Structures are given as C-alpha cells and as structure tokens.
file work_28.txt (compact mmCIF, C-alpha atoms and all ligand atoms)
# COMPACT_ATOMS: atom_id res chain seq x y z
CA MET A 28 36.80 -9.96 -9.88
CA THR A 29 36.22 -7.96 -6.68
CA ASN A 30 35.23 -10.08 -3.74
CA ILE A 31 32.41 -8.74 -1.60
CA ASP A 32 31.64 -10.26 1.82
CA LEU A 33 27.95 -9.93 2.57
CA LEU A 34 26.04 -10.73 5.72
CA LEU A 35 22.35 -11.48 5.18
CA LEU A 36 20.02 -11.13 8.18
CA PRO A 37 16.54 -12.09 6.92
CA GLY A 38 14.90 -11.63 10.35
CA ASP A 39 11.19 -12.18 10.94
CA GLY A 40 7.82 -12.17 9.21
CA ILE A 41 8.13 -11.47 5.49
CA GLY A 42 11.89 -10.84 5.94
CA PRO A 43 12.98 -14.37 4.94
CA GLU A 44 10.65 -14.40 1.90
CA VAL A 45 11.82 -11.14 0.43
CA MET A 46 15.44 -12.02 1.26
CA ALA A 47 15.18 -15.37 -0.55
CA GLU A 48 14.08 -13.55 -3.71
CA THR A 49 16.80 -10.92 -3.34
CA LYS A 50 19.39 -13.70 -3.24
CA ARG A 51 18.37 -14.54 -6.80
CA VAL A 52 19.18 -10.97 -7.80
CA ILE A 53 22.58 -11.25 -6.05
CA GLU A 54 23.23 -14.48 -7.98
CA PHE A 55 22.24 -12.75 -11.22
CA PHE A 56 24.93 -10.10 -10.79
CA GLU A 57 27.49 -12.69 -9.80
CA LYS A 58 26.76 -14.65 -12.99
CA GLN A 59 27.13 -11.41 -14.94
CA GLY A 60 30.64 -11.12 -13.50
CA ALA A 61 29.88 -7.86 -11.67
CA ALA A 62 31.53 -9.16 -8.47
CA LYS A 63 32.05 -12.29 -6.44
CA PHE A 64 29.68 -12.27 -3.49
CA THR A 65 30.65 -14.37 -0.47
CA VAL A 66 27.43 -14.63 1.45
CA GLU A 67 26.97 -15.49 5.12
CA GLU A 68 23.61 -15.67 6.83
CA ASP A 69 22.52 -15.33 10.44
CA LEU A 70 19.54 -14.61 12.67
CA VAL A 71 18.23 -11.33 14.02
CA GLY A 72 15.11 -10.26 15.90
CA GLY A 73 12.51 -12.80 17.01
CA ALA A 74 14.25 -15.55 15.04
CA ALA A 75 17.43 -14.94 17.05
CA TYR A 76 15.42 -14.81 20.27
CA ASP A 77 13.89 -18.21 19.55
CA ALA A 78 17.34 -19.68 18.96
CA HIS A 79 19.46 -17.84 21.56
CA LYS A 80 17.13 -15.88 23.86
CA LYS A 81 18.80 -12.72 22.52
CA ALA A 82 17.75 -10.40 19.69
CA ILE A 83 21.14 -10.89 18.08
CA SER A 84 23.96 -13.26 19.05
CA GLU A 85 27.58 -12.22 19.66
CA ASP A 86 28.57 -14.40 16.73
CA ALA A 87 26.20 -12.56 14.40
CA MET A 88 27.54 -9.23 15.72
CA ARG A 89 31.09 -10.37 14.93
CA LYS A 90 30.03 -11.33 11.39
CA ALA A 91 28.34 -7.93 11.06
CA ARG A 92 31.57 -6.15 12.04
CA ASP A 93 33.60 -8.19 9.53
CA ALA A 94 31.23 -7.93 6.56
CA ASP A 95 31.69 -5.40 3.74
CA ALA A 96 27.96 -4.73 3.98
CA ILE A 97 24.86 -6.11 5.68
CA LEU A 98 21.45 -6.73 4.15
CA LEU A 99 18.58 -7.02 6.63
CA GLY A 100 14.96 -8.08 6.07
CA ALA A 101 12.69 -7.05 8.93
CA VAL A 102 12.27 -7.72 12.63
CA GLY A 103 9.37 -8.14 15.05
CA GLY A 104 5.92 -9.64 15.31
CA PRO A 105 3.17 -10.44 17.81
CA LYS A 106 4.81 -13.75 18.72
CA TRP A 107 7.44 -11.85 20.72
CA ALA A 108 5.13 -9.27 22.31
CA ASN A 109 5.89 -10.55 25.80
CA VAL A 110 9.61 -11.28 25.70
CA PRO A 111 11.86 -9.27 28.08
CA TYR A 112 12.24 -5.66 26.84
CA ASP A 113 16.00 -5.96 26.26
CA ALA A 114 15.50 -9.09 24.14
CA ARG A 115 12.60 -7.77 22.03
CA PRO A 116 13.22 -8.21 18.27
CA GLU A 117 13.75 -4.47 17.66
CA ALA A 118 16.68 -4.54 20.12
CA GLY A 119 18.70 -6.57 17.59
CA LEU A 120 18.30 -3.90 14.94
CA LEU A 121 19.00 -1.07 17.38
CA ARG A 122 22.17 -2.83 18.58
CA LEU A 123 23.44 -3.24 15.03
CA ARG A 124 22.85 0.45 14.34
CA LYS A 125 24.43 1.58 17.62
CA ASP A 126 27.42 -0.79 17.85
CA LEU A 127 28.38 -0.30 14.22
CA GLN A 128 27.77 3.47 14.56
CA LEU A 129 25.46 3.58 11.53
CA PHE A 130 24.43 7.14 12.22
CA ALA A 131 23.19 8.17 8.77
CA ASN A 132 19.97 6.62 7.52
CA LEU A 133 19.12 7.48 3.91
CA ARG A 134 15.49 6.88 3.00
CA PRO A 135 14.68 7.83 -0.57
CA ALA A 136 11.05 8.24 -1.56
CA ILE A 137 10.71 7.90 -5.31
CA CYS A 138 7.37 7.63 -7.04
CA TYR A 139 7.55 5.27 -10.01
CA PRO A 140 5.42 6.67 -12.87
CA ALA A 141 3.41 3.43 -13.05
CA LEU A 142 2.32 3.86 -9.43
CA ALA A 143 1.38 7.54 -9.40
CA ASP A 144 -2.32 6.64 -9.35
CA ASP A 145 -1.87 4.30 -6.38
CA SER A 146 -0.72 6.96 -3.97
CA SER A 147 -3.25 8.22 -1.46
CA LEU A 148 -2.47 11.67 -2.90
CA LYS A 149 -3.48 12.95 -6.31
CA ARG A 150 -1.27 11.98 -9.26
CA GLU A 151 -0.07 15.54 -9.92
CA LEU A 152 1.20 15.86 -6.35
CA VAL A 153 3.37 12.74 -6.45
CA GLU A 154 4.23 12.10 -10.11
CA GLY A 155 8.00 12.42 -10.45
CA LEU A 156 8.51 12.67 -6.68
CA ASP A 157 12.16 12.11 -5.75
CA ILE A 158 13.16 13.09 -2.22
CA VAL A 159 15.51 11.64 0.39
CA ILE A 160 15.03 11.71 4.12
CA VAL A 161 18.33 11.67 5.99
CA ARG A 162 17.47 10.41 9.45
CA GLU A 163 19.93 10.53 12.36
CA LEU A 164 20.00 6.93 13.54
CA THR A 165 22.21 6.40 16.59
CA GLY A 166 21.23 9.25 18.92
CA GLY A 167 18.22 11.10 20.19
CA VAL A 168 15.34 9.78 22.22
CA TYR A 169 15.67 6.15 21.07
CA PHE A 170 19.03 5.83 22.84
CA GLY A 171 19.24 8.67 25.40
CA GLU A 172 19.62 7.90 29.11
CA PRO A 173 17.82 7.84 31.48
CA LYS A 174 15.27 5.57 29.85
CA THR A 175 13.16 4.15 32.67
CA ILE A 176 9.76 3.38 34.14
CA THR A 177 9.70 4.01 37.91
CA ASP A 178 6.99 3.08 40.35
CA LEU A 179 5.98 6.21 42.24
CA GLY A 180 4.34 4.11 44.92
CA ASN A 181 1.01 5.92 44.82
CA GLY A 182 -0.56 3.77 42.18
CA HIS A 183 1.21 5.77 39.51
CA LYS A 184 4.33 5.15 37.50
CA ARG A 185 6.62 7.57 35.69
CA ALA A 186 8.13 6.83 32.28
CA ILE A 187 11.17 8.73 31.06
CA ASP A 188 12.85 8.81 27.66
CA THR A 189 15.65 11.26 27.07
CA GLN A 190 16.17 13.27 23.89
CA VAL A 191 19.86 14.10 23.73
CA TYR A 192 22.13 15.38 20.94
CA ASP A 193 25.76 16.50 21.03
CA THR A 194 27.23 18.95 18.54
CA TYR A 195 29.32 16.30 16.76
CA GLU A 196 26.29 14.10 16.11
CA ILE A 197 24.41 16.95 14.47
CA GLU A 198 27.47 18.07 12.49
CA ARG A 199 28.13 14.67 10.96
CA ILE A 200 24.52 14.03 9.92
CA ALA A 201 24.27 17.56 8.50
CA ARG A 202 27.38 16.91 6.38
CA VAL A 203 25.85 13.73 4.96
CA ALA A 204 22.72 15.67 3.99
CA PHE A 205 24.60 18.60 2.38
CA ASP A 206 26.94 16.25 0.50
CA LEU A 207 24.00 14.30 -0.84
CA ALA A 208 22.14 17.48 -1.85
CA ARG A 209 25.16 18.57 -3.94
CA LYS A 210 24.73 15.41 -6.03
CA ARG A 211 20.99 16.10 -6.40
CA ARG A 212 19.01 19.34 -6.58
CA ASN A 213 21.18 21.17 -4.05
CA LYS A 214 18.56 21.84 -1.40
CA VAL A 215 18.39 20.74 2.25
CA THR A 216 15.43 21.15 4.59
CA SER A 217 16.39 20.70 8.23
CA SER A 218 13.64 19.79 10.64
CA GLU A 219 13.27 19.86 14.45
CA LYS A 220 11.05 21.49 17.08
CA ASN A 221 13.15 24.40 18.31
CA ASN A 222 9.96 26.12 19.48
CA VAL A 223 9.57 23.60 22.32
CA MET A 224 12.75 21.51 22.55
CA LYS A 225 16.30 22.46 23.56
CA SER A 226 17.65 19.70 21.33
CA GLY A 227 15.82 21.46 18.49
CA VAL A 228 17.49 24.78 19.33
CA LEU A 229 20.94 23.16 19.20
CA TRP A 230 20.07 21.16 16.07
CA LYS A 231 19.11 24.31 14.16
CA GLU A 232 22.16 26.23 15.41
CA VAL A 233 24.64 23.49 14.45
CA VAL A 234 23.09 22.80 11.03
CA THR A 235 23.22 26.55 10.32
CA GLN A 236 26.92 26.69 11.31
CA VAL A 237 27.91 23.68 9.20
CA HIS A 238 26.11 25.30 6.28
CA GLU A 239 27.87 28.66 6.79
CA ARG A 240 31.29 27.05 7.14
CA GLU A 241 31.26 24.29 4.56
CA PHE A 242 28.21 24.26 2.29
CA LYS A 243 27.24 27.83 1.41
CA ASP A 244 26.50 26.76 -2.17
CA VAL A 245 23.63 24.49 -0.99
CA LYS A 246 20.22 26.04 -0.31
CA LEU A 247 19.20 25.50 3.33
CA GLU A 248 15.71 25.82 4.79
CA HIS A 249 14.44 25.07 8.30
CA ASN A 250 10.98 23.67 8.89
CA LEU A 251 9.42 22.65 12.21
CA ALA A 252 8.73 18.90 12.21
CA ASP A 253 4.94 19.21 12.56
CA SER A 254 4.77 21.70 9.73
CA LEU A 255 7.05 19.51 7.63
CA GLY A 256 4.65 16.59 8.13
CA MET A 257 1.86 18.79 6.84
CA GLN A 258 3.92 20.00 3.85
CA LEU A 259 4.87 16.42 2.98
CA VAL A 260 1.25 15.55 2.32
CA ARG A 261 0.38 18.98 0.87
CA ALA A 262 3.18 19.50 -1.65
CA PRO A 263 5.93 16.87 -1.32
CA LYS A 264 7.76 17.80 -4.52
CA GLN A 265 9.04 21.07 -2.98
CA PHE A 266 11.67 19.01 -1.06
CA ASP A 267 14.98 17.51 -2.12
CA VAL A 268 16.93 16.31 0.95
CA ILE A 269 15.31 16.45 4.39
CA VAL A 270 17.58 16.07 7.43
CA THR A 271 16.10 15.33 10.82
CA ASP A 272 16.59 13.49 14.10
CA ASN A 273 15.94 9.84 14.93
CA LEU A 274 12.33 10.16 16.13
CA PHE A 275 11.04 12.69 13.59
CA GLY A 276 12.91 10.83 10.85
CA ASP A 277 11.20 7.58 11.82
CA ILE A 278 7.77 9.17 11.53
CA LEU A 279 8.36 11.42 8.53
CA SER A 280 9.98 8.64 6.51
CA ASP A 281 6.89 6.45 6.89
CA VAL A 282 4.78 9.37 5.69
CA ALA A 283 7.11 9.98 2.74
CA ALA A 284 7.16 6.29 1.91
CA MET A 285 3.40 6.12 1.65
CA LEU A 286 3.35 8.99 -0.85
CA THR A 287 4.94 6.59 -3.31
CA GLY A 288 2.07 4.12 -3.16
CA SER A 289 3.26 1.62 -0.57
CA LEU A 290 5.75 1.05 2.22
CA GLY A 291 6.67 -2.07 0.27
CA MET A 292 8.51 0.04 -2.30
CA LEU A 293 11.14 1.80 -0.25
CA PRO A 294 14.75 0.78 0.40
CA SER A 295 17.10 2.38 2.91
CA ALA A 296 20.78 2.63 3.71
CA SER A 297 22.31 3.08 7.15
CA LEU A 298 25.87 4.30 6.90
CA GLY A 299 28.76 4.88 9.28
CA GLU A 300 31.68 7.30 9.02
CA VAL A 301 34.17 6.78 6.17
CA ASP A 302 37.35 5.25 7.60
CA ALA A 303 40.22 7.66 6.84
CA LYS A 304 42.67 4.81 6.12
CA THR A 305 40.62 2.17 4.31
CA LYS A 306 38.09 4.64 2.77
CA LYS A 307 35.48 2.01 3.65
CA ARG A 308 32.36 2.68 5.69
CA ARG A 309 30.22 0.26 7.65
CA ALA A 310 26.79 -0.09 6.07
CA LEU A 311 23.50 -1.87 6.56
CA TYR A 312 20.72 -1.89 3.97
CA GLU A 313 17.10 -2.70 4.74
CA PRO A 314 13.59 -2.04 3.47
CA VAL A 315 11.67 0.71 5.29
CA HIS A 316 8.72 -1.67 5.71
CA GLY A 317 8.31 -3.93 8.74
CA SER A 318 7.84 -7.68 9.11
CA ALA A 319 4.13 -7.62 8.08
CA PRO A 320 3.19 -10.67 10.21
CA ASP A 321 -0.36 -10.65 8.77
CA ILE A 322 0.89 -11.77 5.34
CA ALA A 323 4.06 -13.59 6.38
CA GLY A 324 4.68 -17.02 4.87
CA LYS A 325 2.04 -16.58 2.16
CA GLY A 326 4.31 -15.49 -0.68
CA LEU A 327 2.35 -12.24 -1.06
CA ALA A 328 4.94 -9.71 0.11
CA ASN A 329 6.30 -7.07 -2.22
CA PRO A 330 10.04 -7.79 -2.75
CA ILE A 331 10.78 -4.41 -4.36
CA ALA A 332 11.99 -2.57 -1.20
CA MET A 333 14.34 -5.46 -0.39
CA ILE A 334 15.70 -5.74 -3.94
CA GLY A 335 16.00 -1.95 -4.03
CA SER A 336 17.99 -2.10 -0.79
CA PHE A 337 20.48 -4.41 -2.47
CA GLY A 338 20.63 -1.86 -5.31
CA MET A 339 21.41 0.90 -2.81
CA MET A 340 24.17 -1.32 -1.43
CA LEU A 341 25.76 -1.66 -4.85
CA ARG A 342 25.58 2.13 -5.29
CA TYR A 343 26.69 3.38 -1.88
CA SER A 344 29.04 0.66 -0.63
CA PHE A 345 30.66 -0.54 -3.84
CA GLY A 346 30.28 2.29 -6.36
CA MET A 347 28.56 -0.12 -8.78
CA THR A 348 26.45 2.63 -10.34
CA LYS A 349 25.68 0.77 -13.56
CA GLU A 350 24.32 -2.28 -11.73
CA ALA A 351 22.36 -0.11 -9.27
CA ASP A 352 20.80 1.80 -12.18
CA MET A 353 19.91 -1.51 -13.83
CA ILE A 354 18.01 -2.63 -10.73
CA GLU A 355 16.01 0.61 -10.64
CA GLN A 356 15.23 0.35 -14.35
CA ALA A 357 14.21 -3.30 -14.04
CA ILE A 358 11.83 -2.48 -11.17
CA ALA A 359 10.32 0.41 -13.14
CA ALA A 360 9.92 -1.82 -16.21
CA ALA A 361 8.22 -4.63 -14.25
CA LEU A 362 5.79 -2.09 -12.81
CA ALA A 363 5.22 -0.50 -16.22
CA LYS A 364 4.17 -3.94 -17.49
CA GLY A 365 1.35 -3.81 -14.96
CA LEU A 366 2.67 -6.29 -12.42
CA ARG A 367 1.38 -5.53 -8.94
CA THR A 368 1.72 -7.17 -5.55
CA ALA A 369 -1.30 -6.83 -3.26
CA ASP A 370 0.06 -3.73 -1.44
CA ILE A 371 0.23 -1.77 -4.71
CA LYS A 372 -2.85 -3.29 -6.27
CA GLY A 373 -4.63 0.00 -7.02
CA LYS A 374 -7.11 -0.67 -9.80
CA ALA A 375 -5.15 -3.66 -11.12
CA GLU A 376 -7.30 -6.67 -12.00
CA LYS A 377 -4.83 -9.26 -10.92
CA THR A 378 -1.98 -9.31 -8.45
CA VAL A 379 1.19 -11.38 -8.33
CA GLY A 380 3.16 -12.80 -5.42
CA THR A 381 6.72 -12.29 -4.20
CA ARG A 382 8.17 -14.85 -6.59
CA GLU A 383 6.42 -13.70 -9.78
CA MET A 384 7.35 -10.08 -9.10
CA THR A 385 10.99 -11.13 -8.71
CA ASP A 386 10.78 -13.28 -11.85
CA ALA A 387 9.62 -10.22 -13.76
CA ILE A 388 12.41 -8.04 -12.35
CA LEU A 389 14.98 -10.73 -13.19
CA SER A 390 13.74 -11.04 -16.74
CA GLU A 391 13.99 -7.25 -17.16
CA LEU A 392 17.55 -7.46 -15.78
CA GLU A 393 18.36 -10.15 -18.34
CA LYS A 394 17.11 -7.85 -21.09
CA LEU A 395 19.11 -4.89 -19.78
CA ALA A 396 22.26 -7.03 -19.62
CA ALA A 397 21.84 -8.46 -23.12
C1 LIG B 1 12.41 1.80 11.33
C2 LIG B 1 11.65 0.97 12.33
C3 LIG B 1 12.52 0.80 13.57
C4 LIG B 1 12.73 2.18 14.16
C5 LIG B 1 11.97 -0.16 14.60
C6 LIG B 1 11.72 -1.53 14.04
C7 LIG B 1 12.87 -0.23 15.82
O1 LIG B 1 10.43 1.56 12.60
O2 LIG B 1 13.52 1.40 10.93
O3 LIG B 1 11.91 2.84 10.94
O4 LIG B 1 11.90 2.68 14.90
O5 LIG B 1 13.78 2.77 13.89
MG MG B 2 9.97 3.24 11.37
call {"tool": "encode", "arguments": {"input": "work_28.txt", "output": "structure tokens", "more": "lines below"}}
Ligand code: IPM
Ligand code: MG
result
Amino acid sequence: MTNIDLLLLPGDGIGPEVMAETKRVIEFFEKQGAAKFTVEEDLVGGAAYDAHKKAISEDAMRKARDADAILLGAVGGPKWANVPYDARPEAGLLRLRKDLQLFANLRPAICYPALADDSSLKRELVEGLDIVIVRELTGGVYFGEPKTITDLGNGHKRAIDTQVYDTYEIERIARVAFDLARKRRNKVTSSEKNNVMKSGVLWKEVVTQVHEREFKDVKLEHNLADSLGMQLVRAPKQFDVIVTDNLFGDILSDVAAMLTGSLGMLPSASLGEVDAKTKKRRALYEPVHGSAPDIAGKGLANPIAMIGSFGMMLRYSFGMTKEADMIEQAIAAALAKGLRTADIKGKAEKTVGTREMTDAILSELEKLAA
C-alpha cells in the first residue's frame, strides 16, 4: 500500500474542529486500503504564537518541507489582534506559501444542486455552476517590497505596499490555468487592471504570449478585474477557469465562493512547481473560509470545505481520482438528504453540527464503498 506522509496544521478558531472531523475521513480511506497515511500534526497561526511567539515554528516548517502534502484548517482571530505584525497568525500561512513556493492557488466554486436556493443569487444563475479561480499566490502586492509605514513627521504617515510581477511568475501561473482548462471546458479568462496598473499591462502581455506559443487550442478572454467582479454576480456560468493575481484572486474567490451558498463549502489547493526528477510537487490544501471565531468551539462549523480540501489532495497530489470522486458524491448525497449546517441553513427547519454533518458524509462514503 502506498505510504503518504501528511502534515496537519489545524490552526485557530474552527480549524481544529473541522480538522478533527476530517481525520475521520482520512481514517475511513485508510481502512478501505486506499493508502497508508502517516499523519503528523503541528501548530500554525495564533496557536503557534501562543506556544512559540511565532506564527509558525522552524520545526513545523521542516515538517512542512518533508511532508507529501499539508492540510491546513484556518488561522487568525481577535485574540491576536495586537501581536507584533511579523508574528500575526496570517504570517504563518504566508510563510508556508512563500517558502514552499506554492504559487498556484486553485479555488473551485461548485454549486451543489441541493444548495442552489441558498445562494444570494437566483437559482437559475447558479444551478450547475462549476468554475475555478486560479489565483497567483506567492507574488504581487502581498509580498512586494517596499512594504512600509513611514512617519512623515508632520502628523502624517505614509503607507506603501508594492505590486510587483516578473515575467516568469505570470508565465507559470498562466500555464497552470491553461492546462486546467484543457481538462475542463477549455476556456480561460485572465483578469487584471491594465487600464491603471503597469503590472496589469505586463500580466496581459505575458498571458497572451503564453497562449500564442503553447495553448492556441484554449479559448482566452481578458476581463478587467472590476468588470469581472460584476460579471461574477451577473452571470457566473459564463466562466470556466479564471486566472488572476494574488490580490484580485483573494477578493474574487470570496465572491465566487459565496455564489455557491456559503464560504463553508469551498476547498482549495495551493501547488508548487512539479519537480522534474521526482515528478512530485509541494502542495497545501485548505478551506477558503477563515477561522470564524464567532462560532469557534461550539461544534457548529461546516466541515464540508475542509473535507473537500482533503478530497482535492487525493486528486491533485496522489492521483486518487476514484476516492476524490467518492468524497464529492458523499457530500452531495448528504446535502441532498437535507442536512444543513447553520451557514447553509436556507429554509431548512433544522440544522446539524460539525459532527453530525461528518457522520452523514461518512455513512454515504460507506454506502459508496460497499
Ligand atoms: C485567503 C485568506 C488569506 C489571504 C489571509 C488569511 C492571509 O484571506 O487565503 O484567501 O489573504 O490570502
Ligand atoms: Mg481571502
């Protein structure tokens, strides 16, 4: 049986709760004989700060480098609002992304039929929605230097963030998007703000060149990021794969996620380059949702995005397509039965907690495996 070394980083808020339930799904597949999972666990975010005064320890970083894949819950919360900027919970996540060079963030937005009435948009606009946002994750304004606040001495300060992209960064993320589109409906929409930003001018130029050179069979469209935001809530089904930078991708993926009914539904994958020798790629999987401190510790959180993230791991890191499909089917079946956590309550009479939702998904998995 293949051995898979996993690092689990539950993090903060609802992270540990949804991770605990996902572990049961991991155990299910191990019992099925799908693979042997060797699981290590460590701290990230506020939890790591409380233990080490750092958002992630060197030991956890070493484990992250050694693991075949990483599963992360969520980071952050009001408890750490006043910690030093470099030790804020988000810094742990950003360091993992940057140090492991996880430049390609895949954020699928799929609307499960059972939830089409729970979207803030009308059913006909979202029913059958299946799009992927490919967000550049290690460059742009989140990492560019200078990044400073300077005292101007006259009672004013100046804050600077730097949006910076090199050709190679745009090329590699464009390739991920075109490759993915070929396995889907063969269409890529690239998004930037070339009307006001130099980085947008270069982004559009490089994406166009990569398309001309390597992916002429894929349909390519360009859409300014503001207009794309508008189109996403007007007619989201026109899109297939959307490729965009770190900042716009952060915003647009939250918008896309909400079309599906709740942020609690959406998994994501953050991938590095494929190693030419080993054919392996570094990868971290995490829900798109945050740590939801308001409901943390109450057993109310929706575990679907976290379980779905494990499913994406099986698909993208280990080629376990059958098992990944099973997870998606089990989630759809649990929803079709009418089970709802509070975030996807809609008109449901009764809601279930994290554990009951996972129980239902596990029992659907049992049926699928039988
Ligand atoms: C996300 C989150 C992170 C981001 C935060 C927690 C740093 O919003 O993954 O979308 O901005 O990238
Ligand atoms: Mg975000």
call {"tool": "closest_residue", "arguments": {"input": "work_28.txt", "among": "A:Ala201, A:Ala319, A:Val282, A:Leu395", "to": "Ser218 of chain A", "atoms": "only C-alpha atoms"}}
result
A:Ala201
call {"tool": "residues_near_ligand", "arguments": {"input": "work_28.txt", "ligand": "ligand LIG 1 (chain B)", "cutoff": "8 Å", "atoms": "only C-alpha atoms and all ligand atoms", "output": "PDB file with C-alpha atoms, in the coordinates of the input"}}
result
ATOM      1  CA  ALA A 101      12.690  -7.050   8.930  1.00  0.00           C
ATOM      2  CA  VAL A 102      12.270  -7.720  12.630  1.00  0.00           C
ATOM      3  CA  GLY A 103       9.370  -8.140  15.050  1.00  0.00           C
ATOM      4  CA  GLU A 117      13.750  -4.470  17.660  1.00  0.00           C
ATOM      5  CA  ALA A 118      16.680  -4.540  20.120  1.00  0.00           C
ATOM      6  CA  LEU A 120      18.300  -3.900  14.940  1.00  0.00           C
ATOM      7  CA  LEU A 121      19.000  -1.070  17.380  1.00  0.00           C
ATOM      8  CA  LEU A 164      20.000   6.930  13.540  1.00  0.00           C
ATOM      9  CA  ASN A 273      15.940   9.840  14.930  1.00  0.00           C
ATOM     10  CA  LEU A 274      12.330  10.160  16.130  1.00  0.00           C
ATOM     11  CA  ASP A 277      11.200   7.580  11.820  1.00  0.00           C
ATOM     12  CA  ILE A 278       7.770   9.170  11.530  1.00  0.00           C
ATOM     13  CA  SER A 280       9.980   8.640   6.510  1.00  0.00           C
ATOM     14  CA  ASP A 281       6.890   6.450   6.890  1.00  0.00           C
ATOM     15  CA  VAL A 315      11.670   0.710   5.290  1.00  0.00           C
ATOM     16  CA  HIS A 316       8.720  -1.670   5.710  1.00  0.00           C
ATOM     17  CA  GLY A 317       8.310  -3.930   8.740  1.00  0.00           C
TER      18      GLY A 317
END
call {"tool": "closest_residue", "arguments": {"input": "work_28.txt", "among": "A:Lys220, A:Ile269, A:Arg134, A:Leu286", "to": "ligand MG 2 (chain B)", "atoms": "only C-alpha atoms and all ligand atoms"}}
result
A:Arg134
call {"tool": "atom_distance", "arguments": {"input": "work_28.txt", "atom1": "atom CA of Asp272 of chain A", "atom2": "atom CA of Glu163 of chain A"}}
result
4.8 Å
call {"tool": "residues_around", "arguments": {"input": "work_28.txt", "residues": "segment 343-350 of chain A", "least_positions_apart": "3", "cutoff": "10 Å", "atoms": "all atoms listed in the file", "output": "ChimeraX atom specification"}}
result
/A:29,31,56,61-62,95-96,296,298,307-312,337-340,353-356,392,395-396
call {"tool": "closest_residue", "arguments": {"input": "work_28.txt", "among": "A:Ala91, A:Leu341, A:Leu293, A:Val110", "to": "ligand MG 2 (chain B)", "atoms": "all atoms listed in the file"}}
result
A:Leu293
call {"tool": "closest_residue", "arguments": {"input": "work_28.txt", "among": "A:Gly365, A:Gly256, A:Gly299, A:Pro43", "to": "Thr381 of chain A", "atoms": "only C-alpha atoms"}}
result
A:Pro43
call {"tool": "closest_residue", "arguments": {"input": "work_28.txt", "among": "A:Ala283, A:Leu152, A:Val159, A:Leu327", "to": "ligand MG 2 (chain B)", "atoms": "all atoms listed in the file"}}
result
A:Ala283
call {"tool": "closest_residue", "arguments": {"input": "work_28.txt", "among": "A:Asp253, A:Asp86, A:Glu154, A:Glu313", "to": "ligand MG 2 (chain B)", "atoms": "all atoms listed in the file"}}
result
A:Glu313
call {"tool": "decode", "arguments": {"input": "work_28.txt", "residues": "segment 302-320 of chain A", "atoms": "N, CA and C atoms", "output": "PDB file, in the first residue's frame"}}
result
ATOM      1  N   ASP A 302       8.463  18.872  -9.665  1.00  0.00           N
ATOM      2  CA  ASP A 302       9.898  18.602  -9.668  1.00  0.00           C
ATOM      3  C   ASP A 302      10.232  17.696 -10.857  1.00  0.00           C
ATOM      4  N   ALA A 303      11.174  18.137 -11.692  1.00  0.00           N
ATOM      5  CA  ALA A 303      11.481  17.404 -12.927  1.00  0.00           C
ATOM      6  C   ALA A 303      11.925  15.968 -12.623  1.00  0.00           C
ATOM      7  N   LYS A 304      12.686  15.781 -11.538  1.00  0.00           N
ATOM      8  CA  LYS A 304      13.203  14.445 -11.219  1.00  0.00           C
ATOM      9  C   LYS A 304      12.159  13.563 -10.561  1.00  0.00           C
ATOM     10  N   THR A 305      11.590  14.048  -9.445  1.00  0.00           N
ATOM     11  CA  THR A 305      10.706  13.190  -8.655  1.00  0.00           C
ATOM     12  C   THR A 305       9.267  13.192  -9.173  1.00  0.00           C
ATOM     13  N   LYS A 306       8.937  14.170 -10.050  1.00  0.00           N
ATOM     14  CA  LYS A 306       7.564  14.353 -10.563  1.00  0.00           C
ATOM     15  C   LYS A 306       6.582  14.763  -9.455  1.00  0.00           C
ATOM     16  N   LYS A 307       7.142  15.011  -8.254  1.00  0.00           N
ATOM     17  CA  LYS A 307       6.270  15.425  -7.146  1.00  0.00           C
ATOM     18  C   LYS A 307       6.157  16.937  -7.132  1.00  0.00           C
ATOM     19  N   ARG A 308       5.105  17.457  -6.517  1.00  0.00           N
ATOM     20  CA  ARG A 308       5.013  18.898  -6.307  1.00  0.00           C
ATOM     21  C   ARG A 308       4.571  19.172  -4.884  1.00  0.00           C
ATOM     22  N   ARG A 309       5.151  20.213  -4.294  1.00  0.00           N
ATOM     23  CA  ARG A 309       4.734  20.595  -2.945  1.00  0.00           C
ATOM     24  C   ARG A 309       3.282  21.048  -3.010  1.00  0.00           C
ATOM     25  N   ALA A 310       2.520  20.770  -1.950  1.00  0.00           N
ATOM     26  CA  ALA A 310       1.109  21.144  -2.006  1.00  0.00           C
ATOM     27  C   ALA A 310       0.508  21.322  -0.621  1.00  0.00           C
ATOM     28  N   LEU A 311      -0.312  22.344  -0.508  1.00  0.00           N
ATOM     29  CA  LEU A 311      -1.033  22.609   0.734  1.00  0.00           C
ATOM     30  C   LEU A 311      -2.514  22.767   0.387  1.00  0.00           C
ATOM     31  N   TYR A 312      -3.357  22.138   1.180  1.00  0.00           N
ATOM     32  CA  TYR A 312      -4.798  22.178   0.919  1.00  0.00           C
ATOM     33  C   TYR A 312      -5.490  22.817   2.107  1.00  0.00           C
ATOM     34  N   GLU A 313      -6.418  23.700   1.836  1.00  0.00           N
ATOM     35  CA  GLU A 313      -7.109  24.403   2.935  1.00  0.00           C
ATOM     36  C   GLU A 313      -8.477  24.895   2.470  1.00  0.00           C
ATOM     37  N   PRO A 314      -9.407  25.024   3.401  1.00  0.00           N
ATOM     38  CA  PRO A 314     -10.697  25.612   3.054  1.00  0.00           C
ATOM     39  C   PRO A 314     -10.509  27.095   2.705  1.00  0.00           C
ATOM     40  N   VAL A 315     -11.393  27.644   1.887  1.00  0.00           N
ATOM     41  CA  VAL A 315     -11.319  29.069   1.566  1.00  0.00           C
ATOM     42  C   VAL A 315     -11.792  29.903   2.768  1.00  0.00           C
ATOM     43  N   HIS A 316     -12.639  29.301   3.602  1.00  0.00           N
ATOM     44  CA  HIS A 316     -13.179  30.076   4.735  1.00  0.00           C
ATOM     45  C   HIS A 316     -12.102  30.375   5.776  1.00  0.00           C
ATOM     46  N   GLY A 317     -12.388  31.325   6.662  1.00  0.00           N
ATOM     47  CA  GLY A 317     -11.449  31.692   7.711  1.00  0.00           C
ATOM     48  C   GLY A 317     -11.722  30.935   9.004  1.00  0.00           C
ATOM     49  N   SER A 318     -11.242  31.497  10.116  1.00  0.00           N
ATOM     50  CA  SER A 318     -11.286  30.783  11.394  1.00  0.00           C
ATOM     51  C   SER A 318     -12.606  30.972  12.138  1.00  0.00           C
ATOM     52  N   ALA A 319     -13.486  31.840  11.625  1.00  0.00           N
ATOM     53  CA  ALA A 319     -14.829  32.050  12.182  1.00  0.00           C
ATOM     54  C   ALA A 319     -14.855  32.066  13.706  1.00  0.00           C
ATOM     55  N   PRO A 320     -14.107  32.992  14.340  1.00  0.00           N
ATOM     56  CA  PRO A 320     -14.009  32.977  15.812  1.00  0.00           C
ATOM     57  C   PRO A 320     -15.370  33.072  16.508  1.00  0.00           C
TER      58      PRO A 320
END
